[in-house]
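Q: Just input-v3.cif, nothing more (mmCIF, C-alpha atoms):
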data_input
#
loop_
_atom_site.label_atom_id
_atom_site.label_comp_id
_atom_site.auth_asym_id
_atom_site.auth_seq_id
_atom_site.Cartn_x
_atom_site.Cartn_y
_atom_site.Cartn_z
CA MET D 249 28.98 27.82 -6.71
CA LYS D 250 30.33 25.16 -8.98
CA LYS D 251 27.60 23.65 -11.07
CA PHE D 252 28.91 20.17 -10.30
CA TYR D 253 28.16 20.61 -6.60
CA LEU D 254 24.62 21.71 -7.34
CA PHE D 255 24.20 18.64 -9.53
CA ILE D 256 25.47 16.40 -6.73
CA LEU D 257 23.16 18.13 -4.24
CA ILE D 258 20.15 17.40 -6.46
CA LEU D 259 21.21 13.75 -6.76
CA ILE D 260 21.60 13.50 -2.97
CA LEU D 261 18.15 14.99 -2.48
CA PHE D 262 16.74 12.43 -4.92
CA ILE D 263 18.31 9.57 -2.93
CA LEU D 264 17.14 11.06 0.37
CA GLN D 265 13.63 11.62 -0.94
CA TYR D 266 13.05 8.23 -2.47
CA SER D 267 15.25 5.92 -0.44
CA VAL D 268 16.63 7.14 2.89
CA LEU D 269 13.86 9.21 4.47
CA GLY D 270 11.34 6.39 4.07
CA VAL D 271 13.36 4.31 6.54
CA PHE D 272 13.21 6.93 9.29
CA LEU D 273 9.84 8.57 8.67
CA ARG D 274 6.32 7.38 8.03
CA SER D 275 5.57 7.66 4.28
CA ALA D 276 2.91 10.30 4.79
CA ARG D 277 5.39 12.46 6.74
CA ILE D 278 8.24 12.45 4.23
CA PRO D 279 9.01 16.08 3.38
CA ASN D 280 9.12 17.37 -0.16
CA LEU D 281 12.81 18.17 -0.53
CA PHE D 282 12.47 19.22 -4.16
CA VAL D 283 10.10 22.04 -3.26
CA ALA D 284 12.49 23.13 -0.51
CA LEU D 285 15.34 23.14 -3.05
CA VAL D 286 13.34 25.15 -5.58
CA ALA D 287 12.33 27.75 -2.99
CA SER D 288 15.99 28.11 -1.98
CA LEU D 289 17.13 28.41 -5.59
CA ALA D 290 14.50 31.06 -6.32
CA ILE D 291 15.60 33.18 -3.38
CA ILE D 292 19.35 32.78 -3.86
CA PHE D 293 19.74 32.76 -7.64
CA GLY D 294 16.43 33.99 -9.03
CA PHE D 295 14.24 32.45 -11.72
CA LYS D 296 16.48 32.82 -14.77
CA LYS D 297 19.51 31.09 -13.30
CA SER D 298 17.51 28.39 -11.54
CA VAL D 299 15.02 27.22 -14.15
CA SER D 300 17.33 24.60 -15.71
CA TRP D 301 18.23 23.21 -12.25
CA THR D 302 14.56 23.15 -11.33
CA ILE D 303 13.78 21.15 -14.45
CA LEU D 304 16.54 18.70 -13.55
CA ALA D 305 15.20 18.35 -10.00
CA GLY D 306 11.66 17.94 -11.36
CA PHE D 307 12.87 15.32 -13.80
CA LEU D 308 14.34 13.23 -10.98
CA MET D 309 11.20 13.78 -8.93
CA ASP D 310 9.06 12.48 -11.80
CA ILE D 311 11.33 9.45 -12.24
CA GLY D 312 10.42 8.17 -8.79
CA ALA D 313 6.79 9.22 -8.88
CA PRO D 314 3.83 7.33 -10.33
CA TRP D 315 2.61 10.24 -12.47
CA LEU D 316 3.57 11.19 -16.04
CA LEU D 317 7.02 12.57 -16.73
CA GLY D 318 6.80 16.35 -16.83
CA SER D 319 3.95 16.75 -14.34
CA GLY D 320 6.17 17.41 -11.32
CA MET D 321 8.60 19.50 -13.38
CA LEU D 322 5.77 21.79 -14.46
CA ILE D 323 4.61 22.41 -10.90
CA LEU D 324 8.16 23.01 -9.67
CA VAL D 325 8.77 25.58 -12.43
CA LEU D 326 5.51 27.28 -11.46
CA ILE D 327 6.56 27.36 -7.80
CA LEU D 328 10.00 28.70 -8.74
CA TRP D 329 8.34 31.49 -10.69
CA LEU D 330 5.91 32.32 -7.88
CA VAL D 331 8.60 32.35 -5.16
CA ASP D 332 10.78 34.50 -7.41
CA ARG D 333 7.95 37.06 -7.48
CA LEU D 334 8.28 37.48 -3.71
CA LYS D 335 11.14 39.93 -4.02
CA ILE D 336 10.58 41.35 -0.57
CA VAL D 337 11.99 38.19 1.02
CA THR D 338 15.48 38.71 -0.40
CA GLU D 339 15.49 42.25 0.94
CA LEU D 340 15.02 40.90 4.45
CA ARG D 341 18.23 38.89 4.51
CA SER D 342 19.85 41.31 6.92
CA LYS D 343 17.05 40.73 9.43
CA ARG D 344 18.04 37.17 10.11
CA TYR D 345 15.16 35.86 12.26
CA LEU D 346 12.48 37.52 10.21
CA PHE D 347 14.05 36.08 7.07
CA ILE D 348 14.27 32.57 8.56
CA ALA D 349 10.62 32.71 9.62
CA LEU D 350 9.53 34.00 6.22
CA PHE D 351 11.60 31.43 4.36
CA ALA D 352 10.19 28.59 6.47
CA LEU D 353 6.70 29.93 5.77
CA ILE D 354 7.43 30.07 2.05
CA VAL D 355 8.58 26.43 1.98
CA PHE D 356 5.59 25.42 4.11
CA VAL D 357 3.13 27.13 1.77
CA SER D 358 5.01 26.00 -1.36
CA SER D 359 4.81 22.35 -0.27
CA PHE D 360 1.09 22.72 0.29
CA ALA D 361 0.74 24.54 -3.06
CA PHE D 362 2.71 21.78 -4.78
CA ASP D 363 0.29 19.09 -3.57
CA LEU D 364 -2.71 21.23 -4.42
CA PHE D 365 -1.46 22.12 -7.93
CA LEU D 366 -0.48 18.52 -8.55
CA LYS D 367 -3.93 17.28 -7.60
CA PHE D 368 -5.50 19.70 -10.08
CA GLU D 369 -2.94 18.91 -12.74
CA LEU D 370 -3.41 15.16 -12.42
CA GLY D 371 -7.15 15.74 -12.45
CA ALA D 372 -6.77 17.58 -15.77
CA GLU D 373 -4.51 14.84 -17.11
CA ARG D 374 -7.08 12.24 -16.11
CA TYR D 375 -9.67 14.20 -18.02
CA ILE D 376 -7.53 14.23 -21.19
CA PHE D 377 -5.68 10.93 -20.97
CA GLN D 378 -6.74 7.58 -19.58
CA GLY D 379 -5.24 5.51 -16.80
CA ILE D 380 -3.70 8.40 -14.87
CA SER D 381 -3.71 7.70 -11.16
CA ASN D 382 -5.27 10.29 -8.90
CA LEU D 383 -3.82 11.72 -5.73
CA PRO D 384 -5.63 12.50 -2.51
CA GLY D 385 -3.95 15.94 -2.41
CA PRO D 386 -3.45 17.99 0.74
CA ALA D 387 -5.13 16.45 3.75
CA VAL D 388 -6.13 17.76 7.15
CA SER D 389 -4.15 15.33 9.25
CA PRO D 390 -1.26 15.45 11.74
CA ASP D 391 0.90 13.46 9.30
CA TYR D 392 0.39 16.02 6.57
CA PHE D 393 1.12 18.87 8.96
CA PHE D 394 4.36 17.17 9.99
CA LYS D 395 5.26 16.71 6.33
CA LEU D 396 4.97 20.48 5.77
CA ILE D 397 6.88 21.27 8.95
CA TYR D 398 9.69 18.86 8.04
CA SER D 399 9.82 20.38 4.54
CA ALA D 400 10.26 23.83 6.09
CA ILE D 401 12.98 22.64 8.49
CA LEU D 402 14.93 20.72 5.86
CA GLY D 403 14.37 23.63 3.45
CA MET D 404 16.31 25.86 5.81
CA GLY D 405 19.16 23.33 5.77
CA ILE D 406 19.16 23.25 1.97
CA TYR D 407 19.05 27.05 1.82
CA HIS D 408 21.92 27.32 4.27
CA PHE D 409 24.00 24.81 2.30
CA LEU D 410 23.36 26.54 -1.03
CA ARG D 411 24.11 29.97 0.39
CA LYS D 412 27.35 28.86 2.06
CA ALA D 413 28.44 27.03 -1.08
CA ARG D 414 27.69 30.07 -3.25
CA ILE D 415 29.73 32.35 -1.01
CA ARG D 416 32.56 29.82 -1.11
CA PHE D 417 32.73 29.26 -4.83
CA HIS D 418 31.46 32.54 -6.26
CA SER D 419 31.08 31.06 -9.66
CA LEU D 420 27.37 31.85 -9.92
CA PRO D 421 26.80 35.47 -8.92
CA ALA D 422 23.67 36.41 -7.04
CA VAL D 423 20.85 37.52 -9.28
CA ARG D 424 20.59 41.26 -9.69
CA ARG D 425 17.08 42.32 -9.09
CA THR D 426 15.43 45.19 -10.83
CA GLY D 427 12.18 46.77 -9.82
CA MET P 81 6.94 45.04 -14.75
CA LYS P 82 6.65 44.18 -18.42
CA PHE P 83 4.63 41.13 -19.29
CA PHE P 84 7.03 40.18 -22.06
CA SER P 85 10.14 40.48 -19.93
CA ARG P 86 12.93 37.94 -20.55
CA GLU P 87 12.03 36.16 -17.34
CA ASN P 88 8.38 35.75 -18.26
CA ILE P 89 9.26 34.56 -21.76
CA LYS P 90 11.62 31.98 -20.23
CA PHE P 91 8.87 30.90 -17.84
CA LEU P 92 6.31 30.53 -20.62
CA SER P 93 8.79 28.63 -22.82
CA ALA P 94 9.53 26.23 -19.95
CA VAL P 95 5.81 25.69 -19.33
CA ILE P 96 5.14 24.97 -23.02
CA LEU P 97 8.12 22.60 -23.21
CA LEU P 98 6.93 20.71 -20.12
CA ILE P 99 3.37 20.44 -21.43
CA VAL P 100 4.81 18.89 -24.61
CA ILE P 101 6.81 16.43 -22.44
CA ILE P 102 3.61 15.48 -20.57
CA PHE P 103 1.81 14.83 -23.87
CA LEU P 104 4.72 12.69 -25.07
CA SER P 105 4.75 10.80 -21.76
CA SER P 106 1.06 10.03 -22.07
CA ARG P 107 1.98 7.87 -25.06
CA GLY P 108 4.18 5.73 -22.86
CA ALA P 109 7.37 7.50 -23.95
CA ASP P 110 8.49 8.12 -20.38
CA ASN P 111 8.76 4.42 -19.56
CA PRO P 112 12.18 3.86 -21.22
CA VAL P 113 13.41 7.15 -19.74
CA LYS P 114 12.25 6.17 -16.26
CA GLY P 115 13.65 2.67 -16.73
CA THR P 116 17.09 3.93 -17.76
CA VAL P 117 17.38 6.50 -14.96
CA LEU P 118 16.18 3.98 -12.39
CA TRP P 119 18.68 1.46 -13.73
CA LEU P 120 21.44 4.06 -13.29
CA THR P 121 20.36 5.14 -9.82
CA SER P 122 19.09 1.88 -8.33
CA PRO P 123 22.54 0.75 -7.00
CA PHE P 124 22.78 4.02 -5.05
CA LEU P 125 19.17 3.80 -3.87
CA LYS P 126 19.74 0.22 -2.73
CA THR P 127 23.04 0.92 -0.96
CA PHE P 128 21.71 3.94 0.91
CA ARG P 129 18.48 2.14 1.78
CA ILE P 130 20.34 -0.82 3.28
CA PHE P 131 22.76 1.44 5.14
CA SER P 132 19.96 3.62 6.53
CA GLY P 133 18.04 0.49 7.51
CA ALA P 134 21.05 -0.71 9.49
CA VAL P 135 21.46 2.68 11.21
CA HIS P 136 17.76 2.83 12.00
CA GLY P 137 17.83 -0.74 13.32
CA PHE P 138 20.79 0.07 15.55
CA PHE P 139 19.06 3.07 17.11
CA GLN P 140 15.85 1.11 17.52
CA PHE P 141 17.82 -1.58 19.29
CA LEU P 142 19.41 0.97 21.62
CA GLY P 143 16.01 2.42 22.38
CA SER P 144 14.47 -0.96 23.12
CA ILE P 145 17.09 -2.34 25.51
CA GLY P 146 14.95 -1.41 28.52
CA GLU P 147 11.96 -3.31 27.18
CA LEU P 148 13.89 -6.47 26.31
CA LYS P 149 13.23 -8.30 29.58
CA GLY P 150 9.48 -7.92 29.42
CA GLU P 151 9.45 -8.72 25.73
CA ASN P 152 11.53 -11.84 26.32
CA GLU P 153 9.01 -13.14 28.86
CA LYS P 154 6.19 -12.52 26.39
CA LEU P 155 8.11 -14.33 23.65
CA VAL P 156 8.74 -17.38 25.85
CA LYS P 157 5.00 -17.59 26.54
CA LYS P 158 4.16 -17.09 22.87
CA ASN P 159 6.72 -19.74 21.92
CA GLN P 160 5.01 -22.29 24.14
CA GLU P 161 1.66 -21.50 22.56
CA LEU P 162 3.13 -21.82 19.07
CA LEU P 163 4.75 -25.18 19.90
CA ALA P 164 1.34 -26.48 20.91
CA GLU P 165 -0.10 -25.15 17.66
CA ILE P 166 2.67 -26.79 15.59
CA VAL P 167 1.74 -30.17 17.03
CA LYS P 168 -1.86 -29.55 16.00
CA PHE P 169 -0.81 -28.46 12.49
CA LYS P 170 1.40 -31.51 12.03
CA ASP P 171 -1.58 -33.66 12.79
CA THR P 172 -3.67 -31.70 10.27
CA GLU P 173 -0.89 -32.00 7.68
CA LYS P 174 -0.90 -35.78 7.97
CA GLU P 175 -4.66 -35.80 7.62
CA ASN P 176 -4.40 -33.47 4.60
CA GLU P 177 -1.85 -35.77 2.91
CA LEU P 178 -4.11 -38.77 3.45
CA LEU P 179 -7.11 -36.95 2.02
CA ARG P 180 -5.14 -35.78 -1.00
CA LYS P 181 -4.06 -39.36 -1.66
CA GLU P 182 -7.62 -40.59 -1.35
CA LEU P 183 -8.94 -37.90 -3.68
CA GLY P 184 -6.08 -38.33 -6.14
CA LEU P 185 -4.93 -34.71 -5.85
CA VAL P 186 -1.34 -33.71 -6.62
CA PRO P 187 0.53 -32.03 -3.77
CA LYS P 188 0.14 -28.30 -3.72
CA ASN P 189 3.11 -26.70 -5.55
CA LYS P 190 5.19 -24.13 -3.80
CA TYR P 191 5.23 -20.67 -5.32
CA ASN P 192 8.03 -19.65 -7.65
CA LEU P 193 9.32 -16.63 -5.75
CA GLU P 194 11.77 -13.90 -6.65
CA ALA P 195 13.38 -12.30 -3.60
CA SER P 196 13.85 -8.55 -3.96
CA PHE P 197 15.21 -5.72 -1.87
CA VAL P 198 13.04 -2.68 -1.32
CA ILE P 199 15.16 0.19 -2.64
CA GLY P 200 12.78 3.10 -2.34
CA GLN P 201 9.29 4.33 -1.76
CA ASP P 202 6.85 6.76 -3.31
CA ALA P 203 7.59 9.74 -1.14
CA LEU P 204 5.39 12.31 -2.77
CA GLY P 205 2.01 10.72 -3.29
CA ALA P 206 0.06 8.95 -0.63
CA GLY P 207 3.18 6.95 0.14
CA SER P 208 1.67 3.66 -0.87
CA SER P 209 4.05 2.27 -3.43
CA ILE P 210 7.60 0.95 -3.22
CA PHE P 211 10.44 0.22 -5.62
CA ILE P 212 12.09 -3.19 -5.73
CA ASP P 213 15.44 -4.10 -7.28
CA LYS P 214 14.13 -6.72 -9.72
CA GLY P 215 12.40 -6.08 -13.02
CA LYS P 216 11.63 -7.43 -16.47
CA ASN P 217 15.09 -9.03 -16.76
CA LYS P 218 14.19 -11.34 -13.85
CA GLY P 219 10.80 -12.25 -15.26
CA ILE P 220 8.74 -9.81 -13.21
CA GLN P 221 5.45 -8.82 -14.83
CA GLU P 222 2.69 -6.37 -14.05
CA GLY P 223 -0.01 -7.72 -11.73
CA MET P 224 2.20 -10.27 -9.94
CA ALA P 225 1.54 -10.63 -6.22
CA VAL P 226 4.17 -9.45 -3.77
CA ILE P 227 4.44 -11.09 -0.35
CA VAL P 228 6.68 -11.06 2.68
CA SER P 229 8.52 -14.15 3.83
CA ASN P 230 5.66 -15.67 5.79
CA GLY P 231 3.17 -15.48 2.92
CA ILE P 232 1.42 -12.25 3.81
CA LEU P 233 0.32 -10.23 0.79
CA VAL P 234 1.74 -6.70 0.72
CA GLY P 235 0.89 -5.54 -2.80
CA LYS P 236 1.17 -6.20 -6.49
CA VAL P 237 3.52 -5.13 -9.25
CA SER P 238 2.15 -2.08 -11.06
CA GLU P 239 4.97 -0.88 -13.29
CA VAL P 240 7.92 -2.89 -14.60
CA PHE P 241 11.26 -1.50 -15.77
CA PRO P 242 14.25 -3.58 -16.95
CA ASP P 243 15.90 -3.86 -13.52
CA THR P 244 13.40 -2.32 -11.15
CA ALA P 245 9.67 -2.44 -10.59
CA ARG P 246 7.09 -0.42 -8.74
CA VAL P 247 4.85 -2.29 -6.32
CA VAL P 248 1.53 -0.76 -5.31
CA LEU P 249 0.88 -1.66 -1.69
CA ILE P 250 -2.50 -3.05 -0.66
CA THR P 251 -3.14 0.16 1.27
CA ASP P 252 -3.11 2.19 -1.97
CA ARG P 253 -6.49 3.56 -3.01
CA ASP P 254 -5.96 2.13 -6.52
CA SER P 255 -5.24 -1.37 -5.18
CA ILE P 256 -8.05 -3.89 -5.61
CA VAL P 257 -7.72 -7.58 -4.70
CA ASN P 258 -10.35 -10.31 -4.69
CA GLY P 259 -10.58 -11.52 -1.13
CA GLU P 260 -12.29 -14.11 1.02
CA VAL P 261 -12.83 -14.59 4.72
CA LEU P 262 -11.15 -17.86 5.62
CA GLU P 263 -13.58 -18.91 8.38
CA SER P 264 -16.90 -18.15 6.68
CA GLY P 265 -15.92 -18.24 2.99
CA ALA P 266 -17.49 -14.78 2.49
CA LYS P 267 -16.18 -13.16 -0.68
CA GLY P 268 -15.52 -9.49 -1.27
CA ILE P 269 -13.21 -6.91 -2.69
CA ILE P 270 -10.23 -5.79 -0.67
CA LYS P 271 -9.05 -2.28 -1.35
CA GLY P 272 -6.81 0.39 0.10
CA THR P 273 -8.08 3.49 1.81
CA TYR P 274 -5.87 6.42 0.78
CA GLY P 275 -2.68 4.72 1.91
CA LEU P 276 -3.92 4.56 5.49
CA GLY P 277 -5.39 1.10 5.78
CA ILE P 278 -7.28 -1.72 4.08
CA MET P 279 -10.95 -2.57 3.91
CA MET P 280 -13.04 -5.41 2.57
CA ASP P 281 -16.08 -4.28 0.67
CA MET P 282 -18.97 -5.81 -1.30
CA ILE P 283 -19.54 -8.60 1.22
CA SER P 284 -23.01 -10.04 0.91
CA GLN P 285 -25.45 -9.18 3.73
CA THR P 286 -26.15 -12.86 4.24
CA GLU P 287 -22.57 -13.61 5.30
CA VAL P 288 -21.66 -13.75 8.96
CA LEU P 289 -18.38 -12.02 9.81
CA LYS P 290 -16.49 -11.95 13.07
CA GLU P 291 -13.76 -9.68 14.30
CA GLY P 292 -10.42 -11.47 14.17
CA ASP P 293 -11.30 -13.68 11.18
CA ALA P 294 -8.55 -14.03 8.59
CA ALA P 295 -8.89 -12.35 5.19
CA ILE P 296 -7.11 -14.15 2.37
CA THR P 297 -6.88 -13.80 -1.41
CA SER P 298 -9.68 -15.71 -3.11
CA GLY P 299 -7.76 -16.37 -6.32
CA LEU P 300 -10.75 -15.20 -8.40
CA GLY P 301 -9.69 -13.75 -11.73
CA GLY P 302 -6.55 -15.87 -11.75
CA GLU P 303 -4.25 -12.91 -11.24
CA MET P 304 -3.22 -13.93 -7.74
CA PRO P 305 -2.84 -17.25 -6.00
CA ARG P 306 -5.54 -18.26 -3.56
CA GLY P 307 -4.77 -18.35 0.12
CA LEU P 308 -2.33 -15.48 0.60
CA LEU P 309 -2.99 -13.97 3.97
CA ILE P 310 -3.97 -10.30 3.88
CA GLY P 311 -4.89 -9.55 7.47
CA LYS P 312 -7.41 -9.87 10.27
CA ILE P 313 -10.95 -8.52 10.12
CA GLY P 314 -11.49 -5.50 12.36
CA GLN P 315 -14.56 -3.33 12.62
CA ILE P 316 -17.57 -4.52 10.63
CA GLY P 317 -20.11 -2.10 9.19
CA GLN P 318 -22.53 -1.40 6.37
CA SER P 319 -21.78 0.13 2.97
CA GLU P 320 -23.25 3.58 2.30
CA ASP P 321 -26.10 2.16 0.21
CA LYS P 322 -26.68 -0.59 2.86
CA LEU P 323 -26.52 -3.24 0.15
CA PHE P 324 -23.28 -4.80 1.33
CA GLN P 325 -21.20 -5.29 4.44
CA GLN P 326 -17.79 -3.69 4.87
CA ALA P 327 -14.97 -4.49 7.24
CA THR P 328 -11.67 -2.89 8.06
CA ILE P 329 -8.66 -5.17 7.82
CA PHE P 330 -5.54 -5.02 9.93
CA SER P 331 -2.55 -6.06 7.86
CA LEU P 332 -0.24 -8.50 9.61
CA ALA P 333 2.82 -7.10 7.84
CA ASP P 334 4.38 -3.80 8.81
CA LEU P 335 4.11 -2.06 5.46
CA SER P 336 6.09 0.95 6.58
CA SER P 337 9.30 -0.97 7.19
CA LEU P 338 9.55 -3.48 4.38
CA ARG P 339 13.12 -4.51 3.61
CA VAL P 340 12.88 -7.69 1.55
CA VAL P 341 9.82 -8.87 -0.36
CA PHE P 342 9.04 -11.82 -2.65
CA VAL P 343 7.36 -11.58 -6.01
CA VAL P 344 5.14 -14.59 -6.79
CA LYS P 345 6.15 -15.40 -10.37
CA LYS P 346 4.26 -18.67 -10.76
CA PHE P 347 1.64 -20.38 -8.67
#
Taking this structure as input, can you express it in the form of structure tokens?

A:
Amino acid sequence: MKKFYLFILILILFILQYSVLGVFLRSARIPNLFVALVASLAIIFGFKKSVSWTILAGFLMDIGAPWLLGSGMLILVLILWLVDRLKIVTELRSKRYLFIALFALIVFVSSFAFDLFLKFELGAERYIFQGISNLPGPAVSPDYFFKLIYSAILGMGIYHFLRKARIRFHSLPAVRRTG
Amino acid sequence: MKFFSRENIKFLSAVILLIVIIFLSSRGADNPVKGTVLWLTSPFLKTFRIFSGAVHGFFQFLGSIGELKGENEKLVKKNQELLAEIVKFKDTEKENELLRKELGLVPKNKYNLEASFVIGQDALGAGSSIFIDKGKNKGIQEGMAVIVSNGILVGKVSEVFPDTARVVLITDRDSIVNGEVLESGAKGIIKGTYGLGIMMDMISQTEVLKEGDAAITSGLGGEMPRGLLIGKIGQIGQSEDKLFQQATIFSLADLSSLRVVFVVKKF
């Protein structure tokens, strides 16, 4: 896949996340597209090839967010690394429905993990620095549940796009996994 | 799996690098970076926001065609009520002018407003802040009140960049505004409740509140003008320590679909 297209995709996700989706969805239900992107990158390209793109996505995420620059990037890199550890998922690609269900579950859990990690991270930042705003973190509410569901659904779209584009361009080979 | 594999070393290096970036940001170093990137991206954010708003509006219109007749009847009735109220207000206005003359007061100045488009929203936190397309270059400063066209307070400026600014909505848990109940004069603090709603707290037990009373800004502290409408008083209750009264407030502005807002630069 040409790197330029991946760059454009990240920019489009940034615009969708911070501008477009807010018009159609209630703020509390807006999915976390960056987490969905990172989960897709981890599964398609692996950690090594995706870390720089994850940092770029995290950078744009932090630009639009009220927290310190670097906070979102750090969590996204952590999620990329964790999803990359789940090697079994990539081996299930031939079993389409099982793979789709597992991928959706991964994005669902990753979005939840993102909010949870971020809450702890901002808590730690508040402890060290002053004037850092706090976040409510994951909540037990229908809105939050919808947010996770939407993240999983849109994650599948992002995964599908990335996978199709990779097959088409072949410029980034799939990561070779070793036990 | 080796602990010091190339992948793990790359992961650890990235983590260390990002922790350094966070430490640098804590010294305010991220502000110019955020400002520059927002300046570069704000035309795209604005264009897509306006376009999506139009698309959304079109579909909403299509969906509401069936309800138009009933709504029209309601509006005609409401219009008649409002006309009657206008007559009453005109009378009050005349009386007000006379009293001002008698007391030697200068006419109340209109606010110096800066109209701004909403170009984005905080989509990852509690969803209670928005981005506007005006910033320091247009004289916007932190703490300025942000209203919608009919004078209803929606938030205040929390972060200013050269050509954009972040506005924390009144529903944000970090938002605190000095408020007053118009009818009784009861003072209190109006704050957000996790992006879900607004409440008025620290109201003295001696004050008498009624559902439907109007909550306005009190102007205490001088940060905001007095008299900006915040909403109507809803359920009234007691604070946890029973020392004060609390009341939920229903905002009169639809904070989830803001398109254009006005920053109060001078008052």

Q: Run the PyMOL selection byres ((chain P) within 6 of (chain D)) mentally over the shown coordinates, then write out the matched residues as a list in words, using the chain letters and numbers from the document.

A: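 For this structure, the PyMOL selection byres ((chain P) within 6 of (chain D)) captures Leu98, Ile101, Ile102, Ser105, Asp110, Lys114, Leu125, Arg129, Gly200, Gln201, Ala203 and Gly207 of chain P.
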
Q: Between D:Leu304, D:Ala290, D:Leu346, D:Ala400, which is the closest to Leu334 in chain D once you count only C-alpha atoms?

A: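 For Leu334 in chain D, the nearest of the given residues is D:Ala290.
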
Q: Pick out the closest residue to Ile397 in chain D from this set: D:Leu285, D:Tyr253, D:Ala305, D:Ser358. Count all atoms listed in the file.

A: D:Ser358

Q: May I ask which of the residues P:Val240, P:Ile250, P:Phe324, P:Phe138 is the closest one to Pro112 in chain P, counting all atoms listed in the file?

A: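 Using all atoms listed in the file, the shortest distance to Pro112 in chain P belongs to P:Val240.
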
Q: Which of these, P:Val95, P:Ile270, P:Phe241, P:Glu177, has the shortest distance to Val113 in chain P once you count all atoms listed in the file?

A: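 Looking only at the distances to Val113 in chain P, the closest residue turns out to be P:Phe241.
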
Q: What gap, in Å, lies between CA of Ala245 in chain P and CA of Lys216 in chain P?

A: 8.0 Å

Q: Which is closest to Arg411 in chain D among D:Leu254, D:Ala349, D:Leu370, D:Ile292, if we use only C-alpha atoms?

A: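 Closest candidate: D:Ile292.
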
Q: Since fewer atoms than expected are present, regenerate N, CA and C atoms for range 346-358 of chain D and write them as a PDB file, in the coordinates of the input.

A:
ATOM      1  N   LEU D 346      13.669  37.271  11.032  1.00  0.00           N
ATOM      2  CA  LEU D 346      12.480  37.520  10.210  1.00  0.00           C
ATOM      3  C   LEU D 346      12.599  36.769   8.886  1.00  0.00           C
ATOM      4  N   PHE D 347      13.820  36.770   8.336  1.00  0.00           N
ATOM      5  CA  PHE D 347      14.050  36.080   7.070  1.00  0.00           C
ATOM      6  C   PHE D 347      13.848  34.570   7.235  1.00  0.00           C
ATOM      7  N   ILE D 348      14.404  34.020   8.318  1.00  0.00           N
ATOM      8  CA  ILE D 348      14.270  32.570   8.560  1.00  0.00           C
ATOM      9  C   ILE D 348      12.783  32.193   8.665  1.00  0.00           C
ATOM     10  N   ALA D 349      12.049  33.006   9.433  1.00  0.00           N
ATOM     11  CA  ALA D 349      10.620  32.710   9.620  1.00  0.00           C
ATOM     12  C   ALA D 349       9.878  32.804   8.288  1.00  0.00           C
ATOM     13  N   LEU D 350      10.211  33.840   7.506  1.00  0.00           N
ATOM     14  CA  LEU D 350       9.530  34.000   6.220  1.00  0.00           C
ATOM     15  C   LEU D 350       9.899  32.875   5.251  1.00  0.00           C
ATOM     16  N   PHE D 351      11.164  32.499   5.259  1.00  0.00           N
ATOM     17  CA  PHE D 351      11.600  31.430   4.360  1.00  0.00           C
ATOM     18  C   PHE D 351      10.903  30.117   4.716  1.00  0.00           C
ATOM     19  N   ALA D 352      10.864  29.828   6.029  1.00  0.00           N
ATOM     20  CA  ALA D 352      10.190  28.590   6.470  1.00  0.00           C
ATOM     21  C   ALA D 352       8.723  28.620   6.038  1.00  0.00           C
ATOM     22  N   LEU D 353       8.110  29.790   6.174  1.00  0.00           N
ATOM     23  CA  LEU D 353       6.700  29.930   5.770  1.00  0.00           C
ATOM     24  C   LEU D 353       6.539  29.711   4.264  1.00  0.00           C
ATOM     25  N   ILE D 354       7.498  30.242   3.516  1.00  0.00           N
ATOM     26  CA  ILE D 354       7.430  30.070   2.050  1.00  0.00           C
ATOM     27  C   ILE D 354       7.507  28.598   1.673  1.00  0.00           C
ATOM     28  N   VAL D 355       8.445  27.863   2.295  1.00  0.00           N
ATOM     29  CA  VAL D 355       8.580  26.430   1.980  1.00  0.00           C
ATOM     30  C   VAL D 355       7.323  25.678   2.414  1.00  0.00           C
ATOM     31  N   PHE D 356       6.811  26.045   3.586  1.00  0.00           N
ATOM     32  CA  PHE D 356       5.590  25.420   4.110  1.00  0.00           C
ATOM     33  C   PHE D 356       4.444  25.588   3.112  1.00  0.00           C
ATOM     34  N   VAL D 357       4.243  26.841   2.693  1.00  0.00           N
ATOM     35  CA  VAL D 357       3.130  27.130   1.770  1.00  0.00           C
ATOM     36  C   VAL D 357       3.400  26.523   0.397  1.00  0.00           C
ATOM     37  N   SER D 358       4.675  26.558  -0.035  1.00  0.00           N
ATOM     38  CA  SER D 358       5.010  26.000  -1.360  1.00  0.00           C
ATOM     39  C   SER D 358       4.739  24.491  -1.398  1.00  0.00           C
TER      40      SER D 358
END
